[in-house]
>>> print(open('start-v6.cif').read())   # mmCIF, C-alpha atoms
data_upload
#
loop_
_atom_site.group_PDB
_atom_site.id
_atom_site.type_symbol
_atom_site.label_atom_id
_atom_site.label_comp_id
_atom_site.auth_asym_id
_atom_site.auth_seq_id
_atom_site.Cartn_x
_atom_site.Cartn_y
_atom_site.Cartn_z
ATOM 1 C CA MET A 1 80.575 128.665 17.340
ATOM 2 C CA PHE A 2 81.066 132.400 17.034
ATOM 3 C CA LYS A 3 84.169 134.510 16.890
ATOM 4 C CA ILE A 4 84.039 137.803 18.761
ATOM 5 C CA GLU A 5 86.207 140.845 18.137
ATOM 6 C CA LEU A 6 85.782 143.270 21.007
ATOM 7 C CA LYS A 7 87.166 146.771 21.239
ATOM 8 C CA VAL A 8 87.196 148.544 24.608
ATOM 9 C CA MET A 9 88.105 152.239 24.473
ATOM 10 C CA PRO A 10 88.230 154.988 27.100
ATOM 11 C CA ARG A 11 85.090 157.150 27.054
ATOM 12 C CA LYS A 12 85.388 160.608 25.566
ATOM 13 C CA GLY A 13 86.583 163.066 28.180
ATOM 14 C CA ILE A 14 88.035 160.420 30.459
ATOM 15 C CA LEU A 15 91.714 160.957 31.099
ATOM 16 C CA ASN A 16 93.616 157.845 30.065
ATOM 17 C CA PRO A 17 97.197 157.694 31.404
ATOM 18 C CA GLN A 18 98.209 155.040 28.866
ATOM 19 C CA SER A 19 97.123 157.215 25.924
ATOM 20 C CA THR A 20 98.900 160.208 27.438
ATOM 21 C CA ALA A 21 102.125 158.240 27.840
ATOM 22 C CA VAL A 22 102.091 157.099 24.214
ATOM 23 C CA LYS A 23 101.190 160.609 22.995
ATOM 24 C CA ASN A 24 104.089 162.113 24.945
ATOM 25 C CA GLY A 25 106.430 159.383 23.743
ATOM 26 C CA LEU A 26 105.593 160.089 20.115
ATOM 27 C CA LYS A 27 106.019 163.852 20.591
ATOM 28 C CA ALA A 28 109.380 163.303 22.290
ATOM 29 C CA MET A 29 110.483 161.220 19.292
ATOM 30 C CA GLY A 30 109.557 164.066 16.942
ATOM 31 C CA TYR A 31 106.243 162.812 15.577
ATOM 32 C CA ASP A 32 104.501 166.186 15.747
ATOM 33 C CA ASN A 33 102.142 165.182 12.951
ATOM 34 C CA VAL A 34 100.252 162.724 15.181
ATOM 35 C CA ASP A 35 97.106 163.794 17.020
ATOM 36 C CA ASN A 36 93.819 162.566 18.560
ATOM 37 C CA LEU A 37 95.432 159.447 19.940
ATOM 38 C CA GLU A 38 93.223 157.083 21.909
ATOM 39 C CA MET A 39 94.404 153.799 23.266
ATOM 40 C CA GLY A 40 92.289 150.901 24.398
ATOM 41 C CA LYS A 41 92.058 147.135 24.502
ATOM 42 C CA PHE A 42 91.290 144.622 21.802
ATOM 43 C CA MET A 43 90.065 141.103 22.569
ATOM 44 C CA GLU A 44 89.433 138.160 20.286
ATOM 45 C CA PHE A 45 87.770 134.995 21.469
ATOM 46 C CA THR A 46 85.410 132.242 20.422
ATOM 47 C CA ILE A 47 82.178 131.430 22.172
ATOM 48 C CA LYS A 48 79.862 128.450 21.891
ATOM 49 C CA ALA A 49 76.251 129.517 21.594
ATOM 50 C CA ALA A 50 73.071 128.213 19.958
ATOM 51 C CA ASP A 51 72.744 131.255 17.733
ATOM 52 C CA ARG A 52 73.978 134.781 17.169
ATOM 53 C CA ALA A 53 71.450 136.297 19.605
ATOM 54 C CA GLU A 54 72.653 134.028 22.405
ATOM 55 C CA ALA A 55 76.289 134.819 21.606
ATOM 56 C CA GLU A 56 75.502 138.529 21.713
ATOM 57 C CA ALA A 57 73.719 138.180 25.057
ATOM 58 C CA TYR A 58 76.787 136.425 26.488
ATOM 59 C CA VAL A 59 79.134 139.107 25.164
ATOM 60 C CA GLU A 60 77.016 141.934 26.594
ATOM 61 C CA GLU A 61 76.923 140.229 29.981
ATOM 62 C CA MET A 62 80.659 139.477 29.982
ATOM 63 C CA CYS A 63 81.460 143.073 29.029
ATOM 64 C CA LYS A 64 79.345 144.485 31.824
ATOM 65 C CA ARG A 65 80.642 142.024 34.419
ATOM 66 C CA LEU A 66 84.337 141.749 33.577
ATOM 67 C CA LEU A 67 85.689 142.854 30.211
ATOM 68 C CA ALA A 68 84.918 146.571 30.312
ATOM 69 C CA ASN A 69 84.354 149.192 32.977
ATOM 70 C CA PRO A 70 81.209 150.983 31.808
ATOM 71 C CA VAL A 71 81.982 153.982 34.016
ATOM 72 C CA ILE A 72 85.111 154.869 32.060
ATOM 73 C CA GLU A 73 85.037 152.675 28.939
ATOM 74 C CA ASP A 74 82.882 152.136 25.865
ATOM 75 C CA TYR A 75 82.854 148.817 24.058
ATOM 76 C CA THR A 76 81.955 147.735 20.566
ATOM 77 C CA TYR A 77 82.146 144.267 19.082
ATOM 78 C CA GLN A 78 81.600 142.228 15.987
ATOM 79 C CA ILE A 79 80.297 138.684 15.885
ATOM 80 C CA TYR A 80 81.275 136.221 13.146
ATOM 81 C CA GLN A 81 79.921 132.719 12.729
ATOM 82 C CA VAL A 82 82.763 130.222 12.387
ATOM 83 C CA GLU A 83 83.113 126.492 11.869
ATOM 84 C CA GLY A 84 82.712 124.364 14.973
ATOM 85 C CA GLU A 85 80.015 123.112 17.282
ATOM 86 C CA MET B 86 95.073 163.871 7.036
ATOM 87 C CA PHE B 87 94.773 160.169 7.672
ATOM 88 C CA LYS B 88 93.097 158.210 10.414
ATOM 89 C CA ILE B 89 94.922 155.126 11.615
ATOM 90 C CA GLU B 90 93.419 152.158 13.427
ATOM 91 C CA LEU B 91 96.193 150.019 14.823
ATOM 92 C CA LYS B 92 95.831 146.628 16.472
ATOM 93 C CA VAL B 93 98.764 145.203 18.430
ATOM 94 C CA MET B 94 98.348 141.579 19.503
ATOM 95 C CA PRO B 95 100.648 139.112 21.276
ATOM 96 C CA ARG B 96 102.413 136.804 18.825
ATOM 97 C CA LYS B 97 101.209 133.232 18.620
ATOM 98 C CA GLY B 98 102.907 131.108 21.258
ATOM 99 C CA ILE B 99 103.883 134.040 23.438
ATOM 100 C CA LEU B 100 102.476 133.779 26.948
ATOM 101 C CA ASN B 101 100.441 136.891 27.673
ATOM 102 C CA PRO B 102 99.647 137.367 31.388
ATOM 103 C CA GLN B 103 96.821 139.801 30.643
ATOM 104 C CA SER B 104 95.052 137.286 28.368
ATOM 105 C CA THR B 105 95.547 134.566 30.972
ATOM 106 C CA ALA B 106 94.035 136.731 33.724
ATOM 107 C CA VAL B 107 90.944 137.506 31.652
ATOM 108 C CA LYS B 108 90.594 133.856 30.592
ATOM 109 C CA ASN B 109 90.767 132.710 34.214
ATOM 110 C CA GLY B 110 88.349 135.425 35.302
ATOM 111 C CA LEU B 111 85.777 134.304 32.730
ATOM 112 C CA LYS B 112 86.147 130.629 33.723
ATOM 113 C CA ALA B 113 85.763 131.543 37.407
ATOM 114 C CA MET B 114 82.524 133.346 36.556
ATOM 115 C CA GLY B 115 81.184 130.255 34.811
ATOM 116 C CA TYR B 116 81.769 131.184 31.168
ATOM 117 C CA ASP B 117 83.002 127.751 30.114
ATOM 118 C CA ASN B 118 81.859 128.347 26.547
ATOM 119 C CA VAL B 119 84.612 130.881 25.886
ATOM 120 C CA ASP B 120 87.909 129.839 24.296
ATOM 121 C CA ASN B 121 90.893 131.057 22.219
ATOM 122 C CA LEU B 122 91.018 134.372 24.018
ATOM 123 C CA GLU B 123 93.730 136.786 22.947
ATOM 124 C CA MET B 124 94.063 140.255 24.352
ATOM 125 C CA GLY B 125 95.977 143.133 22.874
ATOM 126 C CA LYS B 126 95.984 146.856 22.358
ATOM 127 C CA PHE B 127 94.006 149.056 20.028
ATOM 128 C CA MET B 128 95.089 152.551 19.055
ATOM 129 C CA GLU B 129 93.353 155.203 17.009
ATOM 130 C CA PHE B 130 95.055 158.388 15.911
ATOM 131 C CA THR B 131 95.288 160.905 13.105
ATOM 132 C CA ILE B 132 98.451 161.695 11.211
ATOM 133 C CA LYS B 133 99.288 164.509 8.828
ATOM 134 C CA ALA B 134 101.033 163.211 5.720
ATOM 135 C CA ALA B 135 101.288 164.167 2.055
ATOM 136 C CA ASP B 136 99.746 160.907 0.907
ATOM 137 C CA ARG B 137 98.804 157.413 1.993
ATOM 138 C CA ALA B 138 102.284 156.007 1.304
ATOM 139 C CA GLU B 139 103.901 158.609 3.565
ATOM 140 C CA ALA B 140 101.303 157.954 6.295
ATOM 141 C CA GLU B 141 102.029 154.227 6.057
ATOM 142 C CA ALA B 142 105.784 154.813 6.272
ATOM 143 C CA TYR B 143 105.256 156.856 9.452
ATOM 144 C CA VAL B 144 103.036 154.211 11.001
ATOM 145 C CA GLU B 145 105.507 151.421 10.249
ATOM 146 C CA GLU B 146 108.337 153.435 11.795
ATOM 147 C CA MET B 147 106.302 154.393 14.871
ATOM 148 C CA CYS B 148 105.255 150.781 15.408
ATOM 149 C CA LYS B 149 108.830 149.527 15.235
ATOM 150 C CA ARG B 150 110.188 152.315 17.460
ATOM 151 C CA LEU B 151 107.479 152.688 20.106
ATOM 152 C CA LEU B 152 103.978 151.351 19.562
ATOM 153 C CA ALA B 153 104.683 147.634 19.350
ATOM 154 C CA ASN B 154 107.347 145.261 20.546
ATOM 155 C CA PRO B 155 108.163 143.155 17.454
ATOM 156 C CA VAL B 156 109.761 140.451 19.575
ATOM 157 C CA ILE B 157 106.486 139.548 21.273
ATOM 158 C CA GLU B 158 103.793 141.408 19.332
ATOM 159 C CA ASP B 159 102.320 141.529 15.837
ATOM 160 C CA TYR B 160 100.646 144.651 14.519
ATOM 161 C CA THR B 161 98.114 145.321 11.815
ATOM 162 C CA TYR B 162 96.571 148.632 10.839
ATOM 163 C CA GLN B 163 94.122 150.318 8.558
ATOM 164 C CA ILE B 164 94.545 153.761 7.040
ATOM 165 C CA TYR B 165 91.595 155.987 6.164
ATOM 166 C CA GLN B 166 91.776 159.342 4.457
ATOM 167 C CA VAL B 167 89.831 161.960 6.417
ATOM 168 C CA GLU B 168 89.009 165.643 6.083
ATOM 169 C CA GLY B 169 91.740 168.013 7.178
ATOM 170 C CA GLU B 170 95.022 169.352 5.984
#
>>> encode(input="start-v6.cif", output="structure tokens")
Amino acid sequence: MFKIELKVMPRKGILNPQSTAVKNGLKAMGYDNVDNLEMGKFMEFTIKAADRAEAEAYVEEMCKRLLANPVIEDYTYQIYQVEGE
Amino acid sequence: MFKIELKVMPRKGILNPQSTAVKNGLKAMGYDNVDNLEMGKFMEFTIKAADRAEAEAYVEEMCKRLLANPVIEDYTYQIYQVEGE
């Protein structure tokens, strides 16, 4: 079994309303020392696969089909082998 | 200047509709080998602070006031020193 940590972030240059809202919130609260804020999604899950290559193939496919929107988002992930079938 | 990577995840035992939707989506697409899915937020930003301790104090305060909801979410972060004033 493999544990996956997947980060999905807005692509550079894509306007992200969620990031803008948080940025404005922080400014309004007086945190003028904060900059370059980007906000995205983080997913953790386990996947059963014969080996790391198969797990990676599944993750790539799942990202492209459901977990990320490649038009506006970039994704990166890490794969860890864990105990379990 | 410090770069912050902040992960905000639903607390154990808290029902998270977003995680449930993604879980169900994956099952519906035939990914029966996926389990233990948790979905949260990931934020990256820079912060100007005199030192690491001050940066950490800011991050803690910002998390409690705006970036996370301590009732239903846990947060973890990493602080990296980067070039810049």
>>> residues_around(input="start-v6.cif", residues="Asn69 (chain A)", least_positions_apart="3", cutoff="12 Å", atoms="only C-alpha atoms", output="list in words")
Val8, Met9, Pro10, Arg11, Gly40, Lys41, Met62, Cys63, Lys64, Arg65, Leu66, Ile72, Glu73, Asp74 and Tyr75 of chain A
>>> closest_atom_pairs(input="start-v6.cif", of="chain A", to="chain B", cutoff="7 Å", atoms="only C-alpha atoms", output="tab-separated table")
residue	atom	partner	partner_atom	distance
A:Asn33	CA	B:Lys133	CA	5.1
A:Val34	CA	B:Ile132	CA	4.5
A:Asp35	CA	B:Thr131	CA	5.2
A:Asn36	CA	B:Phe130	CA	5.1
A:Leu37	CA	B:Phe130	CA	4.2
A:Glu38	CA	B:Glu129	CA	5.2
A:Met39	CA	B:Met128	CA	4.4
A:Gly40	CA	B:Phe127	CA	5.0
A:Lys41	CA	B:Lys126	CA	4.5
A:Phe42	CA	B:Gly125	CA	5.0
A:Met43	CA	B:Met124	CA	4.5
A:Glu44	CA	B:Glu123	CA	5.2
A:Phe45	CA	B:Leu122	CA	4.2
A:Thr46	CA	B:Asp120	CA	5.2
A:Ile47	CA	B:Val119	CA	4.5
A:Lys48	CA	B:Asn118	CA	5.1
>>> write_last_selection(input="start-v6.cif", atoms="C-alpha atoms", output="tab-separated table (two decimals), keeping the file's coordinate frame")
chain	number	residue	atom	x	y	z
A	33	ASN	CA	102.14	165.18	12.95
A	34	VAL	CA	100.25	162.72	15.18
A	35	ASP	CA	97.11	163.79	17.02
A	36	ASN	CA	93.82	162.57	18.56
A	37	LEU	CA	95.43	159.45	19.94
A	38	GLU	CA	93.22	157.08	21.91
A	39	MET	CA	94.40	153.80	23.27
A	40	GLY	CA	92.29	150.90	24.40
A	41	LYS	CA	92.06	147.14	24.50
A	42	PHE	CA	91.29	144.62	21.80
A	43	MET	CA	90.06	141.10	22.57
A	44	GLU	CA	89.43	138.16	20.29
A	45	PHE	CA	87.77	135.00	21.47
A	46	THR	CA	85.41	132.24	20.42
A	47	ILE	CA	82.18	131.43	22.17
A	48	LYS	CA	79.86	128.45	21.89
>>> atom_distance(input="start-v6.cif", atom1="CA of Glu56 (chain A)", atom2="CA of Gln78 (chain A)")
9.1 Å
>>> atom_distance(input="start-v6.cif", atom1="CA of Tyr165 (chain B)", atom2="CA of Glu60 (chain A)")
28.8 Å
>>> axis_aligned_box(input="start-v6.cif", around="region 87-93 of chain B", padding_each_side="8 Å", output="AutoDock Vina command-line options")
--center_x 95.9 --center_y 152.7 --center_z 13.1 --size_x 21.7 --size_y 31.0 --size_z 26.8
>>> atom_distance(input="start-v6.cif", atom1="CA of Ala57 (chain A)", atom2="CA of Thr76 (chain A)")
13.4 Å
